[in-house]
Every structure is written in C-alpha cells, then in structure tokens.
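Novice: Got a structure here, written out as structure tokens. Questions coming.
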Amino acid sequence: MTAPIIAVLAFDGISPFHLSVPCLVFGADRTSLGLPRFDFRVCGIEEGLIRTDAGLSILVPHGLAALEDADIVIIPSWKDLEAPLAKPIEEALGRAHRRGALIVGLCLGTFALAAAGLLSARKATTHWAYTDQLQALHPDISVDPDVLYVDDGDIVTSAGVAAGLDCCLHIVRARYGAEAALRLARHVVLSPHRQGGQAQFIERPVAKSANADRFTRALDTVRATLGETHSLDSVAETAGLTRRTFTRRFQKSIGTSFGDWLTSQRIELAQRLLEATEKSMDIVAFEAGFGSATSLRQHFSARLKTSPAQYRREFSRRIDQDERMASALSYRQPVGSALSPD
C-alpha cells in the first residue's frame with residue numbers, strides 16, 4: 001500500500017499563510033499522533049520558483065502531474081476571482097474529481113472549484129466578505145455565508161483564513177477519527193472543533209471581566225462532566241449570570257446556542273469512547289450524557305449521518321488499513337515539502 005497523497009496547489013502571488021495551513025496539518029510526520037505518513041506535495045502549474053504576496057519566493061517541486069494520483073487535492077486560496085480558470089488547472093481538477101479524489105477549496109480556493117464547474121448545484125462556502133461575489137458569479141451554487149466549512153461528500157469548502165484549519169482538522173476527524181484529530185489539535189495548539197459560524201468573528205470581542213472568567217470556568221466544568229445533567233439555567237447560575245445574559249454572551253462568544261454546543265461536545269466524547277474502548281452502547285451513551293443508546297443513535301444520525309455501531313466499525317477498519325500501511329512503509333523516509341510545517 002502507498003502513503004495517502006495530499007497535493008496542494010500553489011500559484012504566483014499566493015499568501016504564505018494560506019499555503020501553510022495544509023502544510024501544518026498534513027505536511028509533517030504525525031504518525032505518533034495516530035495519523036499515517038502522508039506523501040505531501042506542493043504543486044504549481046509548473047514546477048519552479050513562485051512569488052508570494054508577502055515578498056517571499058517559494059520553490060515549488062511539482063507540476064500539475066502530481067495531482068494525477070492524489071487522494072486529496074487542496075486549493076488553499078485563489079486570486080483573480082472573476083477571471084477564467086487556466087485550462088490545465090481546470091482539466092487537472094476535473095480529472096481528479098472524476099476518479100474519486102477529495103477536492104478541497106480553502107477560503108477563496110472555493111472560487112477555483114466553482115470556476116472548474118465542480119460546485120454546480122452544490123452547497124459551498126467561502127470567506128464571509130466574498131460570499132455575495134461567489135453567489136453572483138455562480139448563481140447555481142447554494143452559498144452558505146454562516147458556516148466555517150461545508151462537507152459535501154467528495155468536495156469540501158471552507159470559510160476564510162483560520163477556518164481553513166478547522167476544515168483540515170475536520171478532514172482528519174472524518175478520515176482518521178476524533179481521537180487523532182484531538183491529538184493533532186492539541187499538538188499544534190488549536191481548538192479541536194470550533195462551534196458556530198463566521199458571524200462570531202465579525203462581532204466585537206467580549207471584554208474581560210470577573211463574570212467572563214466565571215463564564216469560562218462554567219463551560220470547562222460542563223466539558224469535564226458531560227455525563228451529568230446540565231441545564232441552561234444551572235450553567236448560567238454557575239457562571240454568575242442571568243439566563244438572558246448568559247444566552248447572549250454564549251451566542252456572541254461561541255457562535256451557537258448552549259444546547260447545540262452541549263450536544264456537539266457529547267457527540268465528540270462519544271466518538272472518542274467508540275474509538276478507544278469496547279464499551280457497550282448503553283455505557284457510551286451514559287458516559288457521554290445522552291442517557292440511553294436510543295438517544296445516542298438519534299443524535300449520531302442527525303449530526304454524523306451514521307450510527308454509533310457503524311462509526312465504530314468504520315473507524316476500526318481505517319485503523320487496520322493504516323496499521324498495514326505503516327508496516328509496509330516502515331522502510332521509507334519521510335517525504336519532504338516546499339514549506340516547513342512547524
């Protein structure tokens with residue numbers, strides 16, 4: 001078996017930050033965190049030197065041919081949003097999509113996927129400041145301006161800048177499990193899963209205060225005791241706030257409702273329990289705070305479009321495949337990349 005191939009498309013005038021996002025997540029050896037060793041490739045229309053918008057130059061080691069056998073193709077940003085896509089790029093993306101590669105557009109990279117015709121009649125997102133422009137250019141796309149990323153099966157798009165990290169962590173979580181994504185997030189000091197959408201970044205930050213500290217501690221307590229009952233009123237009281245003030249502050253700082261956030265936290269805990277233990281569904285449901293296996297199944301179906309049992313089987317299957325891959329590749333040297341990811 002060969003290492004999963006991640007191909008990232010760079011271009012003249014790219015932002016080094018945008019290019020560094022997939023490099024950070026996929027470009028280093030993360031086998032100690034439970035991830036495979038990726039064959040990571042930075043590609044251009046042609047190999048060679050490209051300029052960035054920060055005054056740096058980068059030597060791109062691969063041309064578009066490196067996309068031909070990639071498992072995941074990532075467009076980390078884009079420029080000339082209304083210009084036609086270069087034919088070689090359009091054709092390379094089309095071929096990759098048709099043979100089953102996961103195609104990812106981070107931030108303005110969504111515009112490149114749209115120009116290639118890959119988003120027609122699909123749901124997608126991009127940086128909130130450009131969603132109207134994307135919709136105007138491509139009215140057949142269902143543009144969601146509120147979310148951090150959209151997973152539409154074989155195509156994933158993200159909102160702006162740091163949301164690209166959320167999107168890449170989501171891909172890790174979907175393919176290699178919640179525990180691997182959690183370890184990676186901790187390693188690079190990121191939130192493993194941010195709640196809410198882009199609106200939370202447009203709002204003015206909440207000023208620090210003694211109540212804000214109690215607010216944070218109250219949420220930390222909930223995370224540490226997800227198996228217990230937590231009502232909106234009880235957590236607001238712990239935070240030293242009225243129900244109305246707590247709800248307003250929670251929406252502004254987290255970007256979603258308390259109930260939605262609590263459900264997401266419990267689902268993530270259930271995922272880790274299903275991945276790391278052989279506990280029964282009843283016990284997993286109890287420890288994650290769902291109360292019953294029936295409730296656990298209902299929430300998994302609503303959020304993850306699968307059942308807990310199927311999730312456990314799929315995760316075990318991926319782990320078996322990765323272990324066989326690691327054994328087969330143990331003699332290989334780590335694959336280098338154009339940028340250092342750390």
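FYI, nothing fancy with the structure tokens labels: chains A, B, ... in order, residues from 1 per chain, ligands from 1 as they appear.
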I want to know what sits within 9 Å of Glu90 in chain A, based on only C-alpha atoms, with residues of the same chain fewer than 3 positions away left out; could you give that as a list in words?
Specialist: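 With the cut-off at 9 Å, the set is Leu85, Ala86, Lys87, Leu93, Gly94, Arg95, Ala112, Leu113, Ala115, Ala116 and Gly117 of chain A.
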Novice: DSSP on the backbone: what in range 26-275 of chain A comes out strand (DSSP E), as JSON, numbers by chain?
Specialist: {"A": [39, 40, 41, 42, 43, 48, 49, 50, 51, 57, 58, 59, 60, 72, 73, 74, 75, 102, 103, 104, 105, 123, 124, 142, 143, 149, 150, 151, 155, 156, 157, 158]}
Novice: Counting only C-alpha atoms, which of A:Tyr130, A:Phe250, A:Phe26, A:Phe11 gets nearest to Lys79 in chain A?
Specialist: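 Among A:Tyr130, A:Phe250, A:Phe26, A:Phe11, it is A:Phe11 that comes nearest to Lys79 in chain A.
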Novice: Could you give me, as a PyMOL selection string, the residues within 10 Å of Ser57 in chain A, counting only C-alpha atoms and dropping anything in the same chain fewer than 3 positions from it?
Specialist: chain A and resi 12-14+16+49-54+60
Novice: From the list A:Ser253, A:Glu47, A:Val8, A:Glu91, which residue is nearest Val104 in chain A when using only C-alpha atoms?
Specialist: A:Val8
Novice: Hey, what's within 8 Å of range 287-297 of chain A if we count only C-alpha atoms and toss same-chain stuff fewer than 3 positions away? As a PyMOL selection string, please?
Specialist: chain A and resi 226-229+266-267+269-270+281-284+300-301+307-308
Novice: Find the residues near range 234-244 of chain A: any atom within 12 Å, counting only C-alpha atoms, skip ones fewer than 5 places away on the same chain, and give them as an MDAnalysis selection string.
Specialist: chainID A and resid 209:223 225 228:229 249:251 258:259 262
Novice: Kindly save the residues from that selection, with N, CA and C atoms included, as a short mmCIF file (atom, residue, chain, number, x, y, z; two decimals), in the first residue's frame.
Specialist:
```cif
data_model
loop_
_atom_site.label_atom_id
_atom_site.label_comp_id
_atom_site.auth_asym_id
_atom_site.auth_seq_id
_atom_site.Cartn_x
_atom_site.Cartn_y
_atom_site.Cartn_z
N SER A 209 -13.79 40.24 32.15
CA SER A 209 -14.29 40.68 33.44
C SER A 209 -14.31 39.49 34.37
N ALA A 210 -14.62 39.74 35.65
CA ALA A 210 -14.71 38.64 36.60
C ALA A 210 -15.79 37.67 36.19
N ASN A 211 -16.93 38.18 35.68
CA ASN A 211 -18.00 37.32 35.22
C ASN A 211 -17.58 36.49 34.01
N ALA A 212 -16.77 37.11 33.10
CA ALA A 212 -16.30 36.37 31.94
C ALA A 212 -15.44 35.20 32.37
N ASP A 213 -14.61 35.38 33.43
CA ASP A 213 -13.80 34.29 33.94
C ASP A 213 -14.70 33.19 34.50
N ARG A 214 -15.73 33.55 35.22
CA ARG A 214 -16.67 32.56 35.73
C ARG A 214 -17.40 31.86 34.60
N PHE A 215 -17.68 32.60 33.56
CA PHE A 215 -18.31 32.03 32.36
C PHE A 215 -17.44 30.93 31.77
N THR A 216 -16.15 31.22 31.62
CA THR A 216 -15.22 30.24 31.07
C THR A 216 -15.10 29.02 31.97
N ARG A 217 -15.00 29.26 33.27
CA ARG A 217 -14.89 28.14 34.20
C ARG A 217 -16.15 27.29 34.19
N ALA A 218 -17.30 27.91 34.02
CA ALA A 218 -18.55 27.15 33.97
C ALA A 218 -18.57 26.22 32.77
N LEU A 219 -18.08 26.69 31.61
CA LEU A 219 -18.04 25.83 30.44
C LEU A 219 -17.01 24.72 30.59
N ASP A 220 -15.88 25.03 31.22
CA ASP A 220 -14.88 24.00 31.48
C ASP A 220 -15.45 22.90 32.38
N THR A 221 -16.25 23.30 33.34
CA THR A 221 -16.88 22.31 34.23
C THR A 221 -17.83 21.41 33.46
N VAL A 222 -18.59 22.00 32.54
CA VAL A 222 -19.50 21.21 31.71
C VAL A 222 -18.72 20.21 30.88
N ARG A 223 -17.63 20.66 30.25
CA ARG A 223 -16.82 19.75 29.43
C ARG A 223 -16.27 18.58 30.24
N THR A 225 -17.66 17.21 32.83
CA THR A 225 -18.72 16.39 33.43
C THR A 225 -19.87 16.21 32.46
N GLU A 228 -23.09 14.21 33.23
CA GLU A 228 -24.07 14.72 34.18
C GLU A 228 -25.11 15.59 33.47
N THR A 229 -26.18 15.91 34.18
CA THR A 229 -27.22 16.77 33.63
C THR A 229 -26.79 18.23 33.70
N ARG A 249 -24.28 36.19 25.88
CA ARG A 249 -22.82 36.08 25.89
C ARG A 249 -22.36 34.80 25.22
N PHE A 250 -23.09 33.72 25.43
CA PHE A 250 -22.72 32.44 24.82
C PHE A 250 -22.81 32.55 23.30
N GLN A 251 -23.90 33.13 22.80
CA GLN A 251 -24.07 33.27 21.36
C GLN A 251 -22.98 34.14 20.76
N PHE A 258 -26.43 27.25 23.49
CA PHE A 258 -25.86 26.37 24.50
C PHE A 258 -26.24 24.91 24.25
N GLY A 259 -27.50 24.68 23.90
CA GLY A 259 -27.95 23.31 23.65
C GLY A 259 -27.22 22.66 22.50
N LEU A 262 -23.62 21.89 23.62
CA LEU A 262 -23.58 20.77 24.55
C LEU A 262 -23.73 19.44 23.80
#
```
Novice: One decimal, in Å: what's the spacing between CA of Leu106 in chain A and CA of Ile74 in chain A?
Specialist: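 Distance between the two atoms: 7.4 Å.
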Novice: So how many Å separate CA of Asp151 in chain A and CA of Gln265 in chain A, to one decimal?
Specialist: 19.3 Å
Novice: Can you check which residues of range 26-174 of chain A DSSP gives as helix (DSSP H, G or I) on the backbone and send them as a ChimeraX atom specification?
Specialist: /A:26,31-33,64-67,87-98,109-115,128-137,163-174
Novice: Show me, as a compact mmCIF listing (two decimals) with N, CA, C and O atoms, in the first residue's frame, the residues that have an atom within 12 Å of Tyr149 in chain A when counting only C-alpha atoms, minus same-chain residues fewer than 6 positions from it.
Specialist:
```txt
# COMPACT_ATOMS: atom_id res chain seq x y z
N VAL A 104 -10.71 19.95 -2.15
CA VAL A 104 -10.89 20.87 -1.03
C VAL A 104 -10.55 22.29 -1.48
O VAL A 104 -9.47 22.54 -2.03
N GLY A 105 -11.47 23.22 -1.25
CA GLY A 105 -11.22 24.64 -1.51
C GLY A 105 -11.23 25.40 -0.20
O GLY A 105 -12.27 25.50 0.46
N LEU A 106 -10.08 25.92 0.21
CA LEU A 106 -9.98 26.67 1.46
C LEU A 106 -10.11 28.16 1.15
O LEU A 106 -9.46 28.67 0.24
N CYS A 107 -10.96 28.84 1.91
CA CYS A 107 -11.13 30.29 1.75
C CYS A 107 -11.50 30.62 0.31
O CYS A 107 -12.46 30.08 -0.23
N THR A 110 -12.37 28.26 -2.96
CA THR A 110 -13.71 27.87 -3.42
C THR A 110 -13.99 28.45 -4.81
O THR A 110 -14.66 27.81 -5.64
N LYS A 123 -23.76 22.77 -2.38
CA LYS A 123 -23.63 23.74 -1.29
C LYS A 123 -22.15 24.01 -1.04
O LYS A 123 -21.33 23.09 -1.09
N ALA A 124 -21.80 25.27 -0.78
CA ALA A 124 -20.39 25.63 -0.55
C ALA A 124 -20.33 26.89 0.29
O ALA A 124 -21.33 27.58 0.51
N THR A 125 -19.12 27.21 0.74
CA THR A 125 -18.90 28.47 1.47
C THR A 125 -17.54 29.03 1.09
O THR A 125 -16.73 28.37 0.42
N THR A 126 -17.29 30.26 1.51
CA THR A 126 -16.01 30.91 1.34
C THR A 126 -15.92 32.03 2.38
O THR A 126 -16.79 32.12 3.26
N HIS A 127 -14.90 32.83 2.33
CA HIS A 127 -14.76 33.95 3.27
C HIS A 127 -16.02 34.81 3.23
O HIS A 127 -16.55 35.12 2.16
N TRP A 128 -16.51 35.19 4.43
CA TRP A 128 -17.79 35.91 4.51
C TRP A 128 -17.83 37.18 3.67
O TRP A 128 -18.88 37.56 3.15
N VAL A 143 -24.73 28.99 -1.73
CA VAL A 143 -23.65 29.56 -0.91
C VAL A 143 -24.16 29.78 0.52
O VAL A 143 -25.14 30.49 0.72
N ILE A 155 -16.43 16.86 -2.07
CA ILE A 155 -15.90 18.22 -2.15
C ILE A 155 -16.14 18.92 -0.81
O ILE A 155 -17.25 18.86 -0.26
N VAL A 156 -15.10 19.58 -0.30
CA VAL A 156 -15.20 20.30 0.97
C VAL A 156 -14.71 21.72 0.73
O VAL A 156 -13.68 21.93 0.07
N THR A 157 -15.45 22.71 1.23
CA THR A 157 -15.05 24.11 1.11
C THR A 157 -15.06 24.75 2.50
O THR A 157 -15.82 24.34 3.37
N SER A 158 -14.23 25.78 2.67
CA SER A 158 -14.15 26.42 3.98
C SER A 158 -14.31 27.91 3.87
O SER A 158 -14.15 28.51 2.80
N ALA A 159 -14.61 28.52 5.01
CA ALA A 159 -14.64 29.97 5.13
C ALA A 159 -13.20 30.50 5.18
O ALA A 159 -12.25 29.77 4.91
N GLY A 160 -13.05 31.77 5.55
CA GLY A 160 -11.77 32.44 5.38
C GLY A 160 -10.70 32.12 6.41
O GLY A 160 -10.98 31.77 7.55
N VAL A 161 -9.48 32.24 5.98
CA VAL A 161 -8.26 32.25 6.78
C VAL A 161 -8.22 31.10 7.78
O VAL A 161 -8.04 29.95 7.38
N ALA A 162 -8.41 31.37 9.07
CA ALA A 162 -8.24 30.33 10.08
C ALA A 162 -9.26 29.21 9.96
O ALA A 162 -9.03 28.10 10.43
N ALA A 163 -10.40 29.46 9.31
CA ALA A 163 -11.38 28.39 9.11
C ALA A 163 -10.81 27.28 8.25
O ALA A 163 -11.31 26.15 8.28
N GLY A 164 -9.75 27.58 7.48
CA GLY A 164 -9.08 26.53 6.72
C GLY A 164 -8.49 25.48 7.64
O GLY A 164 -8.46 24.28 7.32
N LEU A 165 -8.02 25.91 8.81
CA LEU A 165 -7.51 24.95 9.80
C LEU A 165 -8.64 24.10 10.35
O LEU A 165 -8.49 22.88 10.52
N ASP A 166 -9.78 24.72 10.63
CA ASP A 166 -10.95 23.96 11.08
C ASP A 166 -11.33 22.91 10.04
O ASP A 166 -11.65 21.77 10.38
N CYS A 167 -11.29 23.31 8.77
CA CYS A 167 -11.67 22.41 7.69
C CYS A 167 -10.70 21.23 7.59
O CYS A 167 -11.12 20.08 7.45
N CYS A 168 -9.40 21.51 7.66
CA CYS A 168 -8.41 20.44 7.57
C CYS A 168 -8.52 19.49 8.76
O CYS A 168 -8.39 18.27 8.61
N LEU A 169 -8.77 20.03 9.95
CA LEU A 169 -8.99 19.17 11.11
C LEU A 169 -10.24 18.32 10.94
O LEU A 169 -10.28 17.16 11.36
N HIS A 170 -11.27 18.89 10.31
CA HIS A 170 -12.48 18.13 10.03
C HIS A 170 -12.18 16.94 9.11
O HIS A 170 -12.69 15.84 9.32
N ILE A 171 -11.34 17.17 8.11
CA ILE A 171 -10.97 16.08 7.20
C ILE A 171 -10.22 14.99 7.95
O ILE A 171 -10.47 13.79 7.76
N HIS A 193 -12.47 21.56 17.68
CA HIS A 193 -13.71 21.74 16.92
C HIS A 193 -14.39 23.01 17.41
O HIS A 193 -14.96 23.04 18.49
N ARG A 194 -14.31 24.08 16.60
CA ARG A 194 -14.96 25.32 16.99
C ARG A 194 -16.43 25.27 16.63
O ARG A 194 -16.81 24.79 15.56
N GLN A 195 -17.26 25.79 17.53
CA GLN A 195 -18.69 25.84 17.28
C GLN A 195 -19.04 27.13 16.55
O GLN A 195 -18.29 28.10 16.54
N GLY A 196 -20.22 27.13 15.96
CA GLY A 196 -20.74 28.36 15.37
C GLY A 196 -20.22 28.59 13.97
O GLY A 196 -19.62 27.74 13.33
N GLY A 197 -20.46 29.79 13.47
CA GLY A 197 -20.11 30.12 12.10
C GLY A 197 -19.25 31.36 12.02
O GLY A 197 -18.62 31.78 12.99
N GLN A 198 -19.25 31.98 10.83
CA GLN A 198 -18.36 33.10 10.60
C GLN A 198 -18.79 34.36 11.33
O GLN A 198 -17.97 35.24 11.59
```
Novice: What is the CA of Gly100 in chain A-CA of Ala7 in chain A distance in Å, reported with one decimal?
Specialist: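 Interatomic distance here is 14.0 Å.
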Novice: May I ask which of the residues A:Ala114, A:Leu108, A:Ala121, A:Cys43 is the closest one to Glu68 in chain A, counting only C-alpha atoms?
Specialist: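 Selected residue with least distance to Glu68 in chain A: A:Cys43.
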